[in-house]
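Undergrad: File follows, start38.txt with compact mmCIF, C-alpha atoms:
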```txt
# COMPACT_ATOMS: atom_id res chain seq x y z
CA MET R 1 35.48 -20.80 -85.42
CA ALA R 2 33.03 -18.14 -86.56
CA ALA R 3 33.34 -16.36 -89.89
CA LYS R 4 33.73 -12.59 -89.83
CA LYS R 5 32.55 -10.20 -92.54
CA THR R 6 35.30 -7.99 -93.89
CA ASP R 7 34.93 -4.42 -95.16
CA ASP R 8 34.56 -5.73 -98.72
CA GLY R 9 31.68 -8.04 -97.72
CA ALA R 10 33.71 -11.26 -97.91
CA GLU R 11 33.58 -13.78 -95.09
CA ARG R 12 36.80 -15.01 -93.55
CA GLU R 13 37.47 -17.49 -90.75
CA ARG R 14 39.17 -15.94 -87.73
CA GLY R 15 42.90 -16.64 -88.04
CA SER R 16 42.78 -17.49 -91.75
CA ARG R 17 45.72 -16.36 -93.87
CA VAL R 18 45.33 -12.98 -95.55
CA ALA R 19 46.99 -12.64 -98.94
CA GLY R 20 50.19 -10.64 -98.67
CA ALA R 21 50.38 -10.90 -94.88
CA THR R 22 53.84 -11.17 -93.38
CA ASP R 23 53.88 -12.49 -89.84
CA ARG R 24 56.96 -12.34 -87.64
CA ILE R 25 57.96 -13.49 -84.20
CA ILE R 26 60.64 -11.28 -82.69
CA VAL R 27 62.86 -12.20 -79.77
CA GLY R 28 64.95 -9.10 -79.22
CA GLY R 29 67.80 -8.09 -76.98
CA ILE R 30 69.00 -11.50 -75.81
CA LYS R 31 72.07 -10.44 -73.81
CA PHE R 32 74.89 -12.54 -72.44
CA HIS R 33 78.62 -12.54 -71.76
CA ALA R 34 80.66 -14.67 -74.14
CA TYR R 35 84.17 -15.22 -75.47
CA HIS R 36 83.83 -14.47 -79.18
CA GLY R 37 86.38 -12.41 -81.09
CA LEU R 38 89.77 -12.29 -82.70
CA THR R 39 91.77 -10.73 -79.89
CA LYS R 40 93.28 -12.48 -76.90
CA LEU R 41 91.40 -10.04 -74.63
CA GLU R 42 88.01 -10.91 -76.16
CA ARG R 43 88.70 -14.62 -75.91
CA GLU R 44 89.96 -14.50 -72.31
CA VAL R 45 87.99 -11.67 -70.66
CA GLY R 46 84.99 -11.85 -72.95
CA VAL R 47 82.51 -9.43 -74.45
CA ARG R 48 78.85 -8.59 -73.95
CA CYS R 49 76.70 -9.77 -76.83
CA SER R 50 73.15 -8.82 -77.74
CA ILE R 51 71.17 -10.87 -80.25
CA ASP R 52 67.85 -10.27 -81.96
CA VAL R 53 66.02 -13.04 -83.80
CA GLU R 54 63.18 -12.43 -86.26
CA LEU R 55 61.24 -15.41 -87.56
CA LYS R 56 59.01 -15.11 -90.60
CA VAL R 57 56.27 -17.64 -89.98
CA ASP R 58 52.60 -18.02 -90.85
CA LEU R 59 50.81 -17.21 -87.59
CA ALA R 60 47.26 -17.72 -88.91
CA ALA R 61 46.75 -21.02 -87.06
CA ALA R 62 48.05 -19.56 -83.78
CA ILE R 63 45.90 -16.46 -84.18
CA GLY R 64 42.84 -18.62 -84.74
CA SER R 65 43.49 -21.22 -82.04
CA ASP R 66 45.32 -19.21 -79.37
CA LYS R 67 47.35 -22.40 -78.72
CA LEU R 68 51.11 -22.57 -78.22
CA HIS R 69 51.49 -25.68 -80.40
CA ASP R 70 50.37 -23.63 -83.43
CA THR R 71 53.29 -21.22 -83.17
CA ILE R 72 56.98 -21.12 -82.26
CA ASP R 73 57.72 -21.09 -78.54
CA TYR R 74 59.95 -18.03 -78.11
CA ARG R 75 61.37 -19.51 -74.89
CA LYS R 76 62.95 -22.26 -76.99
CA ILE R 77 64.42 -19.70 -79.41
CA HIS R 78 65.89 -17.85 -76.43
CA ALA R 79 67.36 -21.09 -75.04
CA LEU R 80 68.86 -22.02 -78.44
CA VAL R 81 70.55 -18.62 -78.76
CA LEU R 82 72.02 -18.89 -75.26
CA ASP R 83 73.18 -22.45 -75.91
CA VAL R 84 74.98 -21.53 -79.14
CA GLY R 85 76.24 -18.19 -77.83
CA ARG R 86 77.45 -19.19 -74.37
CA GLN R 87 77.75 -22.94 -73.99
CA ARG R 88 79.41 -24.10 -77.19
CA LYS R 89 82.61 -23.08 -78.90
CA SER R 90 84.11 -19.62 -79.01
CA TYR R 91 83.84 -18.06 -82.48
CA HIS R 92 86.42 -15.73 -83.94
CA LEU R 93 83.74 -13.95 -86.01
CA ILE R 94 80.28 -12.82 -84.98
CA GLU R 95 79.32 -13.64 -88.56
CA SER R 96 79.87 -17.30 -87.71
CA LEU R 97 77.83 -17.02 -84.52
CA GLY R 98 74.88 -15.43 -86.35
CA GLY R 99 75.04 -17.94 -89.20
CA ILE R 100 75.08 -20.96 -86.87
CA ILE R 101 72.08 -19.63 -84.94
CA ALA R 102 70.13 -18.97 -88.16
CA ASP R 103 70.95 -22.39 -89.62
CA GLU R 104 69.97 -24.21 -86.42
CA ILE R 105 66.64 -22.40 -86.21
CA LEU R 106 65.76 -23.37 -89.79
CA ALA R 107 66.81 -26.97 -89.13
CA GLU R 108 64.82 -27.22 -85.89
CA TYR R 109 61.64 -25.28 -86.74
CA LEU R 110 60.05 -26.30 -90.02
CA LYS R 111 57.32 -23.63 -89.70
CA VAL R 112 59.94 -20.89 -90.06
CA GLU R 113 60.11 -19.61 -93.64
CA GLU R 114 62.86 -17.06 -93.03
CA VAL R 115 65.07 -16.10 -90.11
CA THR R 116 67.09 -12.96 -89.47
CA VAL R 117 69.67 -12.92 -86.69
CA ARG R 118 71.28 -9.67 -85.59
CA VAL R 119 74.42 -10.07 -83.50
CA ARG R 120 75.86 -7.06 -81.69
CA LYS R 121 79.13 -7.03 -79.79
CA GLU R 122 78.47 -4.27 -77.25
CA THR R 123 82.00 -4.11 -75.87
CA PRO R 124 84.23 -4.40 -78.95
CA VAL R 125 87.97 -3.96 -78.69
CA LEU R 126 88.54 -0.92 -80.88
CA ASP R 127 90.74 2.17 -80.79
CA GLY R 128 87.79 4.50 -80.35
CA ILE R 129 84.31 4.59 -78.91
CA VAL R 130 81.32 2.89 -80.55
CA ASP R 131 78.04 1.69 -79.10
CA TYR R 132 78.44 -1.67 -80.77
CA ILE R 133 79.56 -3.49 -83.88
CA GLY R 134 77.21 -5.97 -85.48
CA VAL R 135 76.15 -8.20 -88.30
CA GLU R 136 72.79 -9.26 -89.66
CA VAL R 137 72.38 -12.72 -91.16
CA THR R 138 69.21 -13.71 -93.05
CA ARG R 139 68.44 -17.23 -94.22
CA ILE R 140 65.42 -18.16 -96.34
CA ARG R 141 64.25 -21.76 -96.26
CA SER R 142 63.67 -22.09 -100.03
CA ILE R 143 67.18 -20.78 -100.79
CA VAL R 144 68.76 -23.04 -98.17
CA ARG R 145 66.99 -26.06 -99.74
CA LYS R 146 68.25 -25.11 -103.23
CA ARG R 147 71.85 -24.81 -101.93
CA ALA R 148 71.59 -28.18 -100.20
CA LYS R 149 70.32 -29.86 -103.39
CA GLY R 150 73.19 -28.31 -105.35
CA LEU R 151 75.71 -29.85 -102.96
CA ARG R 152 74.47 -33.41 -103.53
```
For this file, write the structure as structure tokens.

TA:
Amino acid sequence: MAAKKTDDGAERERGSRVAGATDRIIVGGIKFHAYHGLTKLEREVGVRCSIDVELKVDLAAAIGSDKLHDTIDYRKIHALVLDVGRQRKSYHLIESLGGIIADEILAEYLKVEEVTVRVRKETPVLDGIVDYIGVEVTRIRSIVRKRAKGLR
């Protein structure tokens, strides 16, 4: 890998980490029909869900190598969301759905430093018209580790 001169005259390897850089992988708008909710109608007829996942991860190695094994395969994130959202249990709260997805991503992908999951119910049962209702769940690996140690 060749070094590149920066504007300040320093040399940096292509793909090396830049201080203060925040890299993210975003898998947005994962849509599916599911049976999450409190009402009988939501649990029998179902609702349309849309989920966004943002992963904070150091992408320097992937940028430098251009190899899939140096990053997170977004196809696997997509599959995990569909598995939790469609194939497993029906959740009463979308908060639970978002939290389970976030926790599983942190457990499965050690490169992920932080994960944010946005869950939108696009067809909520409400007395009125809204585009969607939603929640955003963020989990940070260092905080999750501290909580786990406190439970032991």

Undergrad: Which residues, written as a list of chain:residue names, have at least one atom at most 9 Å from R:Ile140, with all atoms listed in the file counted and residues fewer than 5 positions away on the same chain left out?

TA: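 My reading of the contact set: R:Leu106, R:Val112, R:Glu113, R:Glu114, R:Val115, R:Thr116, R:Arg145.
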
Undergrad: Do you have the atom CA of R:Val137-atom CA of R:Lys67 distance handy?

TA: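 Between atom CA of R:Val137 and atom CA of R:Lys67 the gap is 29.6 Å.
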
Undergrad: Please list as number ranges by chain every residue within 9 Å of R:Asp103, counting only C-alpha atoms and excluding residues in the same chain fewer than 4 positions away.

TA: R: 98-99, 107-108, 115, 139, 144

Undergrad: Using Å and a single decimal, report how far atom CA of R:Asp131 sits from atom CA of R:His78.

TA: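 Going from atom CA of R:His78 over to atom CA of R:Asp131, I get 23.2 Å.
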
Undergrad: Which residue, R:Leu80, R:Leu110, R:Leu93, R:Val125, has the smallest gap to R:Val47 when you use all atoms listed in the file?

TA: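 Ranked by minimum distance to R:Val47, first place goes to R:Val125.
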
Undergrad: So, with all atoms listed in the file as the atoms that count, which of R:Val45, R:Leu82, R:Ile25, R:Ile77 lies closest to R:Leu59?

TA: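 Closest candidate: R:Ile25.
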
Undergrad: Draw an axis-aligned box over all listed atoms of stretch 28-41 of chain R, pad each side with 4 Å, and write its centre and edge lengths in Å, one decimal, as lines of an AutoDock Vina configuration file.

TA:
```
center_x = 79.1
center_y = -11.7
center_z = -77.2
size_x = 36.3
size_y = 15.1
size_z = 18.9
```

Undergrad: May I have the protein, DNA and RNA residues with an atom at most 7 Å from (57.9, -20.8, -88.9), counting only C-alpha atoms in the file's coordinates, returned as a PyMOL selection string?

TA: chain R and resi 55-58+72+109-113

Undergrad: One decimal, Å: what's the distance from atom CA of R:Leu41 over to atom CA of R:Gly28, could you say?

TA: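 Between these atoms lies a distance of 26.9 Å.
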
Undergrad: Could you check which of R:Ile30, R:Leu126, R:Val117, R:Val53 is closest to R:Ser96, using all atoms listed in the file?

TA: R:Val117

Undergrad: Taking 4 positions as the minimum chain separation for residues in the same chain, which residues sit within 9 Å of R:Val135 when counting only C-alpha atoms? Answer as a count of residues only.

TA: 7

Undergrad: Of the candidates R:Gly46, R:Asp73, R:Thr138, R:Ala34, which shows the shortest atom-to-atom distance to R:Gly85, using all atoms listed in the file?

TA: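 Ranked by minimum distance to R:Gly85, first place goes to R:Ala34.
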
Undergrad: Which polymer residues have any atom within 12 Å of an atom of R:Asp83, counting only C-alpha atoms, with same-chain residues fewer than 6 positions away left out, as a PyMOL selection string?

TA: chain R and resi 30+32+34+76-77+89-90+97+100-101+104

Undergrad: Counting only C-alpha atoms, figure out which residue out of R:Ser50, R:Thr71, R:Ser142, R:Ser65 gets nearest to R:Arg86.

TA: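 Smallest distance to R:Arg86 is found for R:Ser50.
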